[in-house]
Structures are given as structure tokens and as C-alpha cells.
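K.L.:
Please read through the structure below; I'll follow up with questions.
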Amino acid sequence: MSLALFGSRFGLLGILGGFSRPILVACSFGLMACAFALVFSLHSPLPIIISGICFGVGYSLSFPILSVWVSDSFDIDRRPIALSAFNASFYCGIFGVPSLIGYLALPPNSSYPLFLLMALAIGMGVFFSIAFKNQVQQRQA
């Protein structure tokens with residue numbers, strides 16, 4: 001996961017920089033959803049490796065793109081507060097929510113938390129795609 005994170009953050013992000021933000025954010029959340037889906041088949045090393053790559057690439061693409069979006073949405077004097085709030089909420093969501101869902105799962109081997117995480121990642125991808133589209137339309141008006 002760490003290799004995928006650094007490789008995509010410093011290499012892939014530069015290549016994909018020309019694509020629209022909504023598409024990149026939706027794809028990054030889709031990759032994280034795929035990582036959660038692959039957890040169902042962690043019976044061999046290959047799904048573990050692919051899951052780590054999917055999560056690492058998805059995470060490393062979504063964070064800087066969303067950071068820029070948040071930064072662009074506020075005046076210069078309000079950006080530090082906005083970015084601080086964004087960082088806190090992003091890290092809480094990306095690391096805290098899966099831990100909480102795993103802890104709250106009733107049966108020890110339940111697949112419910114993974115379905116919930118996949119649905120959440122897909123839903124967030126759709127949400128941010130719509131939000132980016134609305135922001136672009138407002139700026140063009």
C-alpha cells in the first residue's frame with residue numbers, strides 16, 4: 001500500500017492532472033471501494049497485494065485533489081482553517097470510520113462492515129462528483 005501511495009502521489013497524479021477533478025475523485029473512491037471488496041477474498045497473497053494497491057492509489061489520488069478543491073473554495077485568509085477542518089475530517093473518515101464499523105459489527109466474521117464501507121466509498125465518490133460539477137457550473141455562471 002505504501003509503495004502504491006507514494007508512486008501514485010508523486011508519479012500518477014502528475015500524469016492525471018489534466019483530467020477533471022470529478023472524474024479523478026470518483027475513480028479514487030471507486031478504487032478504495034474495490035479494495036474493500038477484495039477483502040472478501042483474502043485467502044491468498046494476490047488479493048491482499050491488489051487490495052493494498054487499490055487502496056493506496058485511491059487514497060493518494062483523493063487526498064490532494066480534495067485538498068485543492070477545499071483550498072480553492074475559500075478566500076486566502078480563511079484557507080488555513082478550512083484545510084485544517086478538511087484534514088481532520090478526511091483522516092477521521094478514512095481511518096476512523098472503518099475501525100468503528102469493524103468494532104461495531106455484531107458477528108465476528110460478518111461481511112456487513114465491508115459492504116457498508118464499499119457503499120460509503122461509492123457514495124462519497126458520487127457525492128464529490130456532483131459537488132464538483134455544481135461548483136464548476138456556479139463558477140461558469
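Here's how to read the names in the C-alpha cells: chain A, B, ... by the order shown, residue numbers from 1 in each chain, ligand numbers from 1 in the order shown.
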Just the residues within 7 Å of segment 32-49 of chain A, please, counting only C-alpha atoms, with nothing from its chain fewer than 5 positions along; format it as a ChimeraX atom specification.
P.N.:
/A:54-55,58-59,114,117-118,121-122
K.L.:
Could you write out that same residue set with all heavy atoms as a compact mmCIF listing (two decimals), in the first residue's frame?
P.N.:
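Final file, result-v2.txt:
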# COMPACT_ATOMS: atom_id res chain seq x y z
N CYS A 54 -4.95 -0.94 -4.69
CA CYS A 54 -6.18 -0.18 -4.96
C CYS A 54 -6.41 0.89 -3.89
O CYS A 54 -6.71 2.04 -4.21
CB CYS A 54 -7.39 -1.10 -5.02
SG CYS A 54 -7.48 -2.10 -6.50
N PHE A 55 -6.27 0.51 -2.63
CA PHE A 55 -6.49 1.48 -1.57
C PHE A 55 -5.42 2.57 -1.60
O PHE A 55 -5.73 3.76 -1.46
CB PHE A 55 -6.52 0.81 -0.19
CG PHE A 55 -6.93 1.75 0.89
CD1 PHE A 55 -8.26 1.97 1.15
CD2 PHE A 55 -5.98 2.45 1.64
CE1 PHE A 55 -8.66 2.86 2.14
CE2 PHE A 55 -6.36 3.33 2.62
CZ PHE A 55 -7.70 3.54 2.87
N GLY A 58 -6.05 4.87 -4.64
CA GLY A 58 -7.28 5.66 -4.43
C GLY A 58 -7.10 6.73 -3.37
O GLY A 58 -7.49 7.88 -3.56
N TYR A 59 -6.48 6.36 -2.27
CA TYR A 59 -6.26 7.31 -1.18
C TYR A 59 -5.31 8.43 -1.61
O TYR A 59 -5.56 9.61 -1.36
CB TYR A 59 -5.71 6.59 0.04
CG TYR A 59 -5.25 7.50 1.14
CD1 TYR A 59 -6.16 8.12 1.98
CD2 TYR A 59 -3.90 7.76 1.33
CE1 TYR A 59 -5.75 8.96 2.98
CE2 TYR A 59 -3.47 8.60 2.33
CZ TYR A 59 -4.40 9.20 3.16
OH TYR A 59 -3.98 10.04 4.14
N LEU A 114 -17.83 -4.58 5.59
CA LEU A 114 -17.19 -4.37 4.29
C LEU A 114 -18.19 -3.87 3.27
O LEU A 114 -17.87 -2.99 2.45
CB LEU A 114 -16.53 -5.66 3.83
CG LEU A 114 -15.37 -6.12 4.70
CD1 LEU A 114 -14.86 -7.47 4.24
CD2 LEU A 114 -14.26 -5.10 4.69
N LEU A 117 -18.64 -0.23 4.05
CA LEU A 117 -17.50 0.58 3.60
C LEU A 117 -17.49 0.75 2.09
O LEU A 117 -17.20 1.84 1.59
CB LEU A 117 -16.19 -0.05 4.07
CG LEU A 117 -15.90 0.07 5.56
CD1 LEU A 117 -14.68 -0.75 5.92
CD2 LEU A 117 -15.70 1.52 5.96
N MET A 118 -17.81 -0.31 1.35
CA MET A 118 -17.88 -0.18 -0.11
C MET A 118 -18.97 0.80 -0.50
O MET A 118 -18.75 1.67 -1.35
CB MET A 118 -18.16 -1.54 -0.75
CG MET A 118 -16.98 -2.46 -0.76
SD MET A 118 -17.24 -3.97 -1.72
CE MET A 118 -18.83 -4.54 -1.16
N ALA A 121 -17.80 4.34 0.29
CA ALA A 121 -16.80 4.84 -0.65
C ALA A 121 -17.43 5.19 -1.99
O ALA A 121 -17.14 6.25 -2.57
CB ALA A 121 -15.69 3.80 -0.84
N ILE A 122 -18.33 4.35 -2.47
CA ILE A 122 -19.02 4.64 -3.74
C ILE A 122 -19.91 5.88 -3.58
O ILE A 122 -19.91 6.76 -4.44
CB ILE A 122 -19.83 3.42 -4.20
CG1 ILE A 122 -18.87 2.29 -4.62
CG2 ILE A 122 -20.77 3.80 -5.35
CD1 ILE A 122 -19.55 0.96 -4.84
K.L.:
With distances taken over only C-alpha atoms, which residue among A:Leu116, A:Pro64, A:Ser129, A:Gln137 lies nearest Ala26 of chain A?
P.N.:
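Result for the nearest residue to Ala26 of chain A: A:Ser129.
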K.L.:
Between atom CA of Ile130 of chain A and atom CA of Asn87 of chain A, what is the spacing in Å?
P.N.:
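Calculated distance between atom CA of Asn87 of chain A and atom CA of Ile130 of chain A is 20.8 Å.
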K.L.:
May I ask for the distance between atom CA of Leu24 of chain A and atom CA of Val126 of chain A, given in Å to one decimal place?
P.N.:
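Going from atom CA of Leu24 of chain A over to atom CA of Val126 of chain A, I get 11.3 Å.
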K.L.:
For atom CA of Cys27 of chain A and atom CA of Phe90 of chain A, quote the distance in Å rounded to one decimal.
P.N.:
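According to the coordinates, atom CA of Cys27 of chain A and atom CA of Phe90 of chain A are separated by 16.9 Å.
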